file entry.txt (compact mmCIF, C-alpha atoms)
# COMPACT_ATOMS: atom_id res chain seq x y z
CA MET A 1 111.69 108.94 116.69
CA VAL A 2 111.69 112.66 117.52
CA ARG A 3 113.51 114.87 115.06
CA SER A 4 114.32 118.49 115.65
CA THR A 5 113.29 120.92 112.93
CA GLY A 6 113.20 124.65 112.33
CA LEU A 7 109.65 125.27 113.61
CA GLU A 8 108.86 126.65 117.05
CA ASN A 9 105.64 126.95 119.00
CA ALA A 10 104.14 130.22 120.28
CA SER A 11 106.42 130.06 123.37
CA GLY A 12 109.56 129.79 121.21
CA GLN A 13 110.22 126.13 121.99
CA LYS A 14 111.63 123.89 119.25
CA LEU A 15 108.99 121.48 118.02
CA SER A 16 109.41 117.76 117.28
CA ALA A 17 108.95 116.73 113.64
CA ARG A 18 105.45 115.44 114.47
CA ASP A 19 104.42 118.72 116.11
CA SER A 20 106.11 120.72 113.35
CA LEU A 21 103.93 118.99 110.75
CA LEU A 22 100.79 119.83 112.76
CA GLN A 23 101.95 123.40 113.33
CA ALA A 24 102.76 123.84 109.62
CA ALA A 25 99.36 122.52 108.50
CA GLY A 26 97.55 124.87 110.88
CA GLU A 27 99.64 127.89 109.88
CA LEU A 28 99.08 127.27 106.16
CA MET A 29 95.31 126.89 106.54
CA ASN A 30 95.12 130.04 108.69
CA GLU A 31 97.25 132.14 106.34
CA ARG A 32 95.48 131.09 103.15
CA ASP A 33 91.97 130.82 104.60
CA THR A 34 91.53 127.48 102.84
CA LEU A 35 91.65 123.77 103.71
CA ASP A 36 93.18 123.11 100.32
CA ILE A 37 96.85 122.55 101.21
CA SER A 38 99.08 119.76 99.94
CA LEU A 39 101.30 117.34 101.85
CA GLY A 40 104.27 118.78 99.95
CA GLU A 41 103.48 122.27 101.21
CA ILE A 42 103.01 121.03 104.77
CA SER A 43 106.30 119.13 104.88
CA ALA A 44 108.21 121.98 103.21
CA ARG A 45 106.89 124.46 105.81
CA ALA A 46 107.65 122.00 108.61
CA GLN A 47 111.16 121.37 107.23
CA ALA A 48 110.36 117.68 107.60
CA ASN A 49 110.55 114.79 105.15
CA SER A 50 107.10 114.11 103.70
CA ALA A 51 107.55 110.39 104.47
CA LEU A 52 107.14 111.34 108.14
CA VAL A 53 103.48 112.12 107.48
CA LYS A 54 102.88 108.45 106.69
CA TYR A 55 105.02 107.42 109.67
CA TYR A 56 103.23 109.59 112.25
CA PHE A 57 99.71 109.97 110.85
CA GLY A 58 99.14 107.32 108.15
CA ASN A 59 97.90 109.90 105.64
CA LYS A 60 96.70 113.49 105.28
CA HIS A 61 93.31 112.71 106.84
CA GLY A 62 95.15 111.37 109.90
CA LEU A 63 97.35 114.46 110.09
CA LEU A 64 94.38 116.81 109.93
CA LEU A 65 92.47 114.79 112.53
CA ALA A 66 95.51 114.97 114.85
CA LEU A 67 95.59 118.75 114.29
CA ILE A 68 91.94 119.11 115.38
CA GLU A 69 92.66 116.94 118.42
CA ARG A 70 95.62 119.18 119.32
CA ASP A 71 93.40 122.28 119.05
CA VAL A 72 90.31 120.93 120.81
CA VAL A 73 91.44 118.56 123.57
CA LYS A 74 93.23 121.23 125.61
CA SER A 75 90.15 123.49 125.43
CA LEU A 76 87.90 120.64 126.55
CA VAL A 77 90.04 120.00 129.62
CA GLN A 78 89.86 123.71 130.53
CA LEU A 79 86.09 123.68 129.93
CA GLU A 80 85.66 120.74 132.30
CA HIS A 81 87.59 122.63 135.00
CA LEU A 82 85.42 125.69 134.35
CA VAL A 83 82.16 123.76 134.77
CA GLU A 84 83.39 122.23 138.04
CA SER A 85 84.64 125.56 139.44
CA ASP A 86 83.01 127.72 142.11
CA ILE A 87 82.18 130.81 140.04
CA SER A 88 78.66 131.81 139.03
CA PRO A 89 76.93 130.25 135.98
CA VAL A 90 76.83 133.67 134.29
CA GLU A 91 80.62 133.98 134.63
CA LYS A 92 81.11 130.38 133.48
CA MET A 93 79.09 131.05 130.33
CA ARG A 94 80.97 134.30 129.71
CA ILE A 95 84.36 132.60 130.05
CA HIS A 96 83.19 129.68 127.86
CA ILE A 97 82.04 132.00 125.06
CA ALA A 98 85.28 134.05 125.22
CA GLY A 99 87.28 130.80 125.16
CA LEU A 100 85.45 129.59 122.05
CA ILE A 101 86.17 132.84 120.21
CA ASN A 102 89.83 132.73 121.26
CA THR A 103 90.09 129.15 119.98
CA TYR A 104 88.48 130.03 116.64
CA PHE A 105 90.73 133.10 116.37
CA ARG A 106 93.86 130.97 116.82
CA SER A 107 92.60 128.14 114.57
CA ARG A 108 90.30 129.77 112.05
CA TYR A 109 90.02 126.58 110.03
CA LEU A 110 88.66 124.62 112.99
CA ASN A 111 84.95 124.20 112.18
CA LYS A 112 85.47 124.00 108.42
CA LEU A 113 88.09 121.29 108.94
CA LEU A 114 85.85 119.39 111.36
CA PHE A 115 83.01 119.37 108.81
CA MET A 116 85.38 118.19 106.05
CA LEU A 117 86.77 115.35 108.17
CA LEU A 118 83.24 114.27 109.14
CA ARG A 119 82.18 114.27 105.48
CA GLU A 120 85.15 112.02 104.65
CA SER A 121 84.41 109.64 107.55
CA THR A 122 82.25 106.53 107.83
CA PRO A 123 79.23 106.94 110.15
CA GLU A 124 81.13 104.97 112.84
CA GLN A 125 84.20 107.22 112.56
CA GLY A 126 81.97 110.31 112.54
CA GLN A 127 80.25 109.16 115.73
CA GLU A 128 83.63 108.51 117.35
CA ILE A 129 85.01 111.95 116.36
CA SER A 130 81.83 113.66 117.62
CA ASP A 131 81.85 111.73 120.92
CA ARG A 132 85.43 112.73 121.59
CA LEU A 133 85.66 116.30 120.27
CA VAL A 134 82.13 117.77 120.07
CA LYS A 135 79.83 116.11 122.62
CA PRO A 136 81.90 117.12 125.70
CA ALA A 137 81.47 120.81 124.81
CA ALA A 138 77.71 120.38 124.30
CA ASP A 139 77.45 118.53 127.65
CA ALA A 140 79.43 121.24 129.46
CA GLN A 141 77.15 123.95 128.06
CA ARG A 142 74.08 122.01 129.15
CA ARG A 143 75.42 121.71 132.70
CA ILE A 144 76.13 125.46 132.87
CA LEU A 145 72.58 126.19 131.64
CA GLU A 146 71.09 123.80 134.22
CA GLU A 147 73.11 125.33 137.05
CA GLY A 148 72.11 128.84 135.95
CA LEU A 149 68.44 127.83 135.83
CA ALA A 150 68.64 126.22 139.28
CA LYS A 151 70.27 129.36 140.71
CA GLY A 152 67.71 131.68 139.11
CA GLN A 153 70.26 133.36 136.80
CA PHE A 154 69.03 131.93 133.46
CA ARG A 155 65.55 131.39 132.06
CA PRO A 156 64.70 127.92 130.64
CA VAL A 157 66.48 127.44 127.29
CA ASP A 158 66.69 124.34 125.09
CA PRO A 159 70.33 123.20 125.49
CA MET A 160 70.49 121.68 122.00
CA LEU A 161 69.23 124.80 120.23
CA PHE A 162 71.41 127.04 122.42
CA TYR A 163 74.44 124.92 121.51
CA PHE A 164 73.92 125.83 117.84
CA THR A 165 73.28 129.48 118.77
CA VAL A 166 76.58 129.73 120.66
CA ILE A 167 78.75 127.88 118.13
CA GLY A 168 77.22 129.77 115.21
CA ALA A 169 77.46 133.19 116.87
CA CYS A 170 81.11 132.61 117.90
CA ASP A 171 82.27 131.03 114.65
CA GLN A 172 80.52 132.92 111.84
CA LEU A 173 83.04 135.78 111.64
CA PHE A 174 85.80 133.19 111.08
CA THR A 175 83.91 130.85 108.73
CA ALA A 176 82.51 133.76 106.70
CA GLY A 177 85.65 135.88 106.87
CA PHE A 178 85.08 136.99 103.27
CA ALA A 179 82.17 139.14 104.44
CA LEU A 180 84.48 141.16 106.68
CA LYS A 181 86.31 142.39 103.59
CA PHE A 182 83.65 142.36 100.88
CA VAL A 183 80.65 143.56 102.92
CA PHE A 184 82.19 145.66 105.70
CA GLY A 185 85.43 146.82 104.04
CA LYS A 186 87.65 145.56 106.87
CA ASP A 187 90.93 144.11 105.67
CA GLU A 188 91.94 142.15 108.70
CA LEU A 189 90.49 140.12 111.52
CA ASP A 190 92.90 141.42 114.16
CA GLU A 191 93.06 141.43 117.95
CA ASP A 192 90.81 144.53 118.12
CA VAL A 193 88.02 142.83 116.16
CA LYS A 194 88.41 139.71 118.31
CA ARG A 195 88.17 141.72 121.54
CA ASP A 196 85.05 143.53 120.28
CA LEU A 197 83.53 140.23 119.14
CA ILE A 198 84.01 138.71 122.62
CA ALA A 199 82.40 141.73 124.33
CA HIS A 200 79.53 141.80 121.83
CA THR A 201 78.80 138.07 121.79
CA THR A 202 78.92 137.57 125.54
CA SER A 203 76.64 140.56 126.17
CA VAL A 204 74.04 139.57 123.53
CA LEU A 205 73.91 135.88 124.47
CA LEU A 206 73.95 136.42 128.25
CA ALA A 207 71.18 139.04 128.00
CA GLY A 208 69.39 136.61 125.68
CA ILE A 209 69.15 133.87 128.31
CA ALA A 210 69.01 135.99 131.49
CA ALA A 211 66.19 135.22 133.94
CA PRO A 212 63.52 137.95 133.78
CA MET B 1 64.56 128.07 74.04
CA VAL B 2 62.30 126.80 76.82
CA ARG B 3 61.92 123.04 76.98
CA SER B 4 59.38 121.28 79.13
CA THR B 5 60.70 118.52 81.40
CA GLY B 6 59.41 116.24 84.14
CA LEU B 7 60.27 118.49 87.09
CA GLU B 8 57.74 120.66 88.89
CA ASN B 9 58.12 123.42 91.45
CA ALA B 10 56.57 123.42 94.94
CA SER B 11 53.27 124.70 93.47
CA GLY B 12 53.06 121.82 90.99
CA GLN B 13 53.88 123.92 87.92
CA LYS B 14 55.97 122.40 85.14
CA LEU B 15 59.44 123.93 85.09
CA SER B 16 61.45 125.04 82.06
CA ALA B 17 64.64 123.09 81.35
CA ARG B 18 66.66 125.96 82.86
CA ASP B 19 64.62 125.99 86.07
CA SER B 20 64.60 122.18 86.16
CA LEU B 21 68.41 122.15 86.20
CA LEU B 22 68.45 124.63 89.11
CA GLN B 23 65.74 122.72 90.95
CA ALA B 24 67.58 119.41 90.44
CA ALA B 25 70.91 120.81 91.71
CA GLY B 26 69.24 122.22 94.84
CA GLU B 27 67.32 119.00 95.54
CA LEU B 28 70.44 116.84 95.19
CA MET B 29 72.54 119.04 97.50
CA ASN B 30 69.72 119.11 100.10
CA GLU B 31 69.11 115.35 99.99
CA ARG B 32 72.77 114.38 100.19
CA ASP B 33 73.93 117.17 102.49
CA THR B 34 76.92 117.79 100.23
CA LEU B 35 77.98 120.23 97.50
CA ASP B 36 79.71 117.38 95.72
CA ILE B 37 77.27 116.63 92.89
CA SER B 38 78.13 116.07 89.23
CA LEU B 39 76.70 117.67 86.12
CA GLY B 40 75.62 114.19 85.00
CA GLU B 41 73.58 113.70 88.18
CA ILE B 42 72.03 117.16 87.85
CA SER B 43 70.96 116.68 84.23
CA ALA B 44 69.66 113.15 84.91
CA ARG B 45 67.52 114.41 87.81
CA ALA B 46 66.32 117.36 85.70
CA GLN B 47 65.56 115.06 82.75
CA ALA B 48 67.46 117.55 80.62
CA ASN B 49 70.35 117.14 78.20
CA SER B 50 73.62 118.00 79.94
CA ALA B 51 74.57 120.22 76.99
CA LEU B 52 71.89 122.62 78.23
CA VAL B 53 74.07 123.43 81.25
CA LYS B 54 76.63 124.95 78.91
CA TYR B 55 73.88 126.68 76.94
CA TYR B 56 72.15 128.29 79.93
CA PHE B 57 74.94 128.71 82.49
CA GLY B 58 78.32 128.32 80.74
CA ASN B 59 79.53 125.75 83.30
CA LYS B 60 78.78 124.23 86.69
CA HIS B 61 80.03 127.33 88.54
CA GLY B 62 77.53 129.40 86.54
CA LEU B 63 74.71 126.98 87.31
CA LEU B 64 75.43 127.04 91.05
CA LEU B 65 75.69 130.84 91.06
CA ALA B 66 72.30 131.05 89.31
CA LEU B 67 70.89 128.69 91.97
CA ILE B 68 72.07 130.98 94.79
CA GLU B 69 70.60 133.95 92.95
CA ARG B 70 67.26 132.15 92.66
CA ASP B 71 67.28 131.40 96.41
CA VAL B 72 68.49 134.78 97.66
CA VAL B 73 67.05 137.48 95.38
CA LYS B 74 63.41 136.79 96.27
CA SER B 75 64.27 136.93 100.00
CA LEU B 76 66.12 140.23 99.53
CA VAL B 77 63.08 141.81 97.83
CA GLN B 78 60.87 140.70 100.75
CA LEU B 79 63.44 142.01 103.23
CA GLU B 80 63.43 145.43 101.56
CA HIS B 81 59.61 145.56 101.84
CA LEU B 82 59.90 144.53 105.50
CA VAL B 83 62.38 147.32 106.32
CA GLU B 84 60.14 149.91 104.63
CA SER B 85 56.95 148.68 106.31
CA ASP B 86 55.08 150.29 109.22
CA ILE B 87 55.53 147.61 111.88
CA SER B 88 57.79 147.98 114.92
CA PRO B 89 61.54 147.33 114.70
CA VAL B 90 61.19 144.41 117.15
CA GLU B 91 58.64 142.76 114.83
CA LYS B 92 60.81 143.51 111.77
CA MET B 93 63.79 141.80 113.39
CA ARG B 94 61.62 138.84 114.45
CA ILE B 95 60.25 138.39 110.92
CA HIS B 96 63.74 138.80 109.42
CA ILE B 97 65.23 136.10 111.68
CA ALA B 98 62.34 133.71 111.00
CA GLY B 99 62.72 134.37 107.26
CA LEU B 100 66.43 133.56 107.37
CA ILE B 101 65.78 130.25 109.13
CA ASN B 102 63.01 129.39 106.64
CA THR B 103 65.38 130.15 103.74
CA TYR B 104 68.17 127.98 105.21
CA PHE B 105 65.65 125.21 105.91
CA ARG B 106 64.53 125.17 102.27
CA SER B 107 68.07 125.54 100.86
CA ARG B 108 70.37 123.93 103.43
CA TYR B 109 73.35 124.18 101.13
CA LEU B 110 73.03 127.96 100.86
CA ASN B 111 75.88 129.28 103.01
CA LYS B 112 78.24 126.40 102.21
CA LEU B 113 77.63 126.95 98.50
CA LEU B 114 78.14 130.70 98.82
CA PHE B 115 81.52 130.14 100.54
CA MET B 116 82.57 127.65 97.86
CA LEU B 117 81.64 129.98 95.00
CA LEU B 118 83.51 132.86 96.69
CA ARG B 119 86.62 130.68 97.11
CA GLU B 120 86.49 129.84 93.40
CA SER B 121 86.05 133.51 92.38
CA THR B 122 88.53 136.26 91.60
CA PRO B 123 88.49 139.16 94.12
CA GLU B 124 86.49 141.22 91.61
CA GLN B 125 83.89 138.48 91.15
CA GLY B 126 83.76 137.94 94.91
CA GLN B 127 83.10 141.63 95.49
CA GLU B 128 80.38 141.59 92.85
CA ILE B 129 78.66 138.50 94.35
CA SER B 130 78.85 140.02 97.85
CA ASP B 131 77.49 143.39 96.69
CA ARG B 132 74.52 141.72 95.03
CA LEU B 133 73.65 138.86 97.40
CA VAL B 134 75.12 139.60 100.85
CA LYS B 135 75.47 143.35 101.38
CA PRO B 136 71.74 144.15 100.96
CA ALA B 137 70.88 141.83 103.87
CA ALA B 138 73.57 143.41 106.07
CA ASP B 139 72.30 146.91 105.15
CA ALA B 140 68.71 145.95 105.93
CA GLN B 141 69.70 144.62 109.36
CA ARG B 142 71.62 147.80 110.10
CA ARG B 143 68.58 149.94 109.25
CA ILE B 144 66.31 147.84 111.52
CA LEU B 145 68.85 148.20 114.37
CA GLU B 146 69.07 151.98 113.82
CA GLU B 147 65.28 152.34 113.79
CA GLY B 148 65.00 150.24 116.96
CA LEU B 149 67.63 152.35 118.69
CA ALA B 150 65.92 155.58 117.64
CA LYS B 151 62.57 154.30 118.95
CA GLY B 152 64.07 153.13 122.26
CA GLN B 153 63.40 149.41 121.57
CA PHE B 154 67.01 148.28 121.11
CA ARG B 155 70.20 149.10 122.95
CA PRO B 156 73.24 150.23 120.90
CA VAL B 157 74.71 147.21 119.08
CA ASP B 158 77.53 147.06 116.50
CA PRO B 159 75.69 146.25 113.24
CA MET B 160 78.68 144.39 111.75
CA LEU B 161 79.15 142.11 114.74
CA PHE B 162 75.39 141.58 115.07
CA TYR B 163 75.25 140.58 111.40
CA PHE B 164 77.63 137.68 112.13
CA THR B 165 75.68 136.81 115.31
CA VAL B 166 72.40 136.56 113.39
CA ILE B 167 73.72 134.65 110.38
CA GLY B 168 75.70 132.24 112.57
CA ALA B 169 72.86 131.63 115.04
CA CYS B 170 70.35 131.00 112.22
CA ASP B 171 72.61 128.88 110.01
CA GLN B 172 74.65 126.68 112.37
CA LEU B 173 72.02 123.94 112.73
CA PHE B 174 72.02 123.57 108.93
CA THR B 175 75.76 123.90 108.32
CA ALA B 176 76.60 121.58 111.25
CA GLY B 177 73.70 119.19 110.67
CA PHE B 178 75.97 116.27 111.58
CA ALA B 179 75.85 117.39 115.24
CA LEU B 180 72.08 116.94 115.31
CA LYS B 181 72.56 113.22 114.73
CA PHE B 182 75.94 112.48 116.32
CA VAL B 183 75.72 114.75 119.37
CA PHE B 184 71.99 115.00 120.08
CA GLY B 185 70.72 111.72 118.58
CA LYS B 186 68.11 113.42 116.37
CA ASP B 187 67.72 111.76 112.98
CA GLU B 188 65.99 114.50 111.11
CA LEU B 189 65.86 118.24 110.82
CA ASP B 190 62.08 118.39 110.36
CA GLU B 191 59.40 121.10 110.54
CA ASP B 192 59.15 120.70 114.34
CA VAL B 193 62.86 121.40 114.86
CA LYS B 194 62.62 124.36 112.49
CA ARG B 195 59.63 125.82 114.37
CA ASP B 196 61.45 125.42 117.70
CA LEU B 197 64.62 126.95 116.23
CA ILE B 198 62.68 130.03 115.06
CA ALA B 199 61.04 130.51 118.50
CA HIS B 200 64.36 129.96 120.31
CA THR B 201 66.53 132.16 118.07
CA THR B 202 64.12 135.09 117.90
CA SER B 203 63.63 135.08 121.69
CA VAL B 204 67.37 134.85 122.52
CA LEU B 205 68.50 137.46 119.99
CA LEU B 206 65.68 139.94 120.66
CA ALA B 207 66.21 139.71 124.42
CA GLY B 208 69.94 140.05 123.69
CA ILE B 209 69.55 143.48 122.05
CA ALA B 210 66.50 144.80 123.94
CA ALA B 211 66.80 148.27 125.49
CA PRO B 212 67.19 148.01 129.28
call {"tool": "encode", "arguments": {"input": "entry.txt", "output": "structure tokens"}}
result
Amino acid sequence: MVRSTGLENASGQKLSARDSLLQAAGELMNERDTLDISLGEISARAQANSALVKYYFGNKHGLLLALIERDVVKSLVQLEHLVESDISPVEKMRIHIAGLINTYFRSRYLNKLLFMLLRESTPEQGQEISDRLVKPAADAQRRILEEGLAKGQFRPVDPMLFYFTVIGACDQLFTAGFALKFVFGKDELDEDVKRDLIAHTTSVLLAGIAAP
Amino acid sequence: MVRSTGLENASGQKLSARDSLLQAAGELMNERDTLDISLGEISARAQANSALVKYYFGNKHGLLLALIERDVVKSLVQLEHLVESDISPVEKMRIHIAGLINTYFRSRYLNKLLFMLLRESTPEQGQEISDRLVKPAADAQRRILEEGLAKGQFRPVDPMLFYFTVIGACDQLFTAGFALKFVFGKDELDEDVKRDLIAHTTSVLLAGIAAP
């Protein structure tokens, strides 16, 4: 059951009703900087009957989980290719950090939504979500660190603690977007800020773990 | 109207009913790793009549705002002394980062609660909360960076972007505590993890901004 609707993806292709619902939920959370959106708002934006939410996703939790999957799984595949590639560990880490910031820029709700879904989950569901969507990124980072240490490019760094350093440093501007306006007087998190954030974060973190 | 209750602070002193309500709210949010606590639970833990919430704070929003004030204002006074002190900018930044992690360790709900209160606020209230509780920390960091640059200890770094780097790197382990268990198999965020996090974060960030 694939129904055509009015929504299109970034490449201008018509989306199926299922993808339109995901696209609409993501757009609404990005625009309003809140996770607090209703099924009625999502289906109105998607130009899809709200009964389709139940049909495709079971309920709102299922829809939001499918949205996170859509956002994360593609990045994880690219990350796996990156780790396996021939370039230097320093370049791998730089590309990984830039990729994280690009992902958070496109889907600003990502980490907040992940935390909300984990709070609403049983421990078994939480473990399953983490194994599928979070652990692969932590493993990839660890492998880049190990390769960089072996090749004399990085100093020894605890991979667990560095995981939190990287995610926090890349995500904070998006999670704490209010501070951009209230503290620094900037109205918008635009492409210029994103580009500066990538240059800043890669240079600080790579200098921070460089071999002496 | 100061009523004595059963709660004590970390130094073993009996708390007033007002301070007991704040202490109880903070303890409950720390223990349960959630902001979702009821006024009934807070007043039961504080051994105080729930009508006192209205008397002292107006409502739950007022109580939670007073809790953030309690947690943050003392740290901001210490930070101001630190910036004005005679020690080197590198040491100031190290002490500042360690202080942030200690604050988040004691009050793990801090950033999540701040974001929630800002979401519930009008733009005017949000600006007022940011001016009082967030902007002074950002200003202090900027002054340490400027002093370090002037003394040849730091390279030029955008103070706004570095603010998000520092807050994110220090807070992520607390905000994303689930990952500690689900991704890294660690059951508890204890004093050992905190000590390692301080050593790791200060070394990565200070190397990251060191003058060449």
call {"tool": "interface_residues", "arguments": {"input": "entry.txt", "of": "chain A", "to": "chain B", "cutoff": "6 Å", "atoms": "only C-alpha atoms", "output": "PyMOL selection string"}}
result
chain A and resi 127+135+164-165+168-169+172-173+182-183+204-205+207-208
call {"tool": "closest_residue", "arguments": {"input": "entry.txt", "among": "B:Ala10, B:Val77, B:Leu65, B:Leu100", "to": "Ser121 of chain B", "atoms": "all atoms listed in the file"}}
result
B:Leu65
call {"tool": "closest_residue", "arguments": {"input": "entry.txt", "among": "A:Leu7, A:Val53, A:Leu76, A:Leu28", "to": "Leu133 of chain A", "atoms": "all atoms listed in the file"}}
result
A:Leu76
call {"tool": "residues_around", "arguments": {"input": "entry.txt", "residues": "segment 15-24 of chain B", "least_positions_apart": "5", "cutoff": "10 Å", "atoms": "all atoms listed in the file", "output": "PyMOL selection string"}}
result
chain B and resi 1-9+29-30+39+41-50+52-53+55-57+63-68+70
call {"tool": "closest_residue", "arguments": {"input": "entry.txt", "among": "A:Lys14, A:Arg94, A:Gly58, A:Glu31", "to": "Glu188 of chain A", "atoms": "all atoms listed in the file"}}
result
A:Glu31
call {"tool": "atom_distance", "arguments": {"input": "entry.txt", "atom1": "atom CA of Arg32 of chain A", "atom2": "atom CA of Lys60 of chain A"}}
result
17.8 Å
call {"tool": "axis_aligned_box", "arguments": {"input": "entry.txt", "around": "segment 76-90 of chain B", "padding_each_side": "8 Å", "output": "AutoDock Vina command-line options"}}
result
--center_x 60.6 --center_y 145.3 --center_z 107.5 --size_x 27.0 --size_y 26.1 --size_z 35.3
call {"tool": "atom_distance", "arguments": {"input": "entry.txt", "atom1": "atom CA of Gln78 of chain B", "atom2": "atom CA of Thr103 of chain B"}}
result
11.9 Å
call {"tool": "atom_distance", "arguments": {"input": "entry.txt", "atom1": "atom CA of Ser75 of chain B", "atom2": "atom CA of Ile87 of chain B"}}
result
18.2 Å
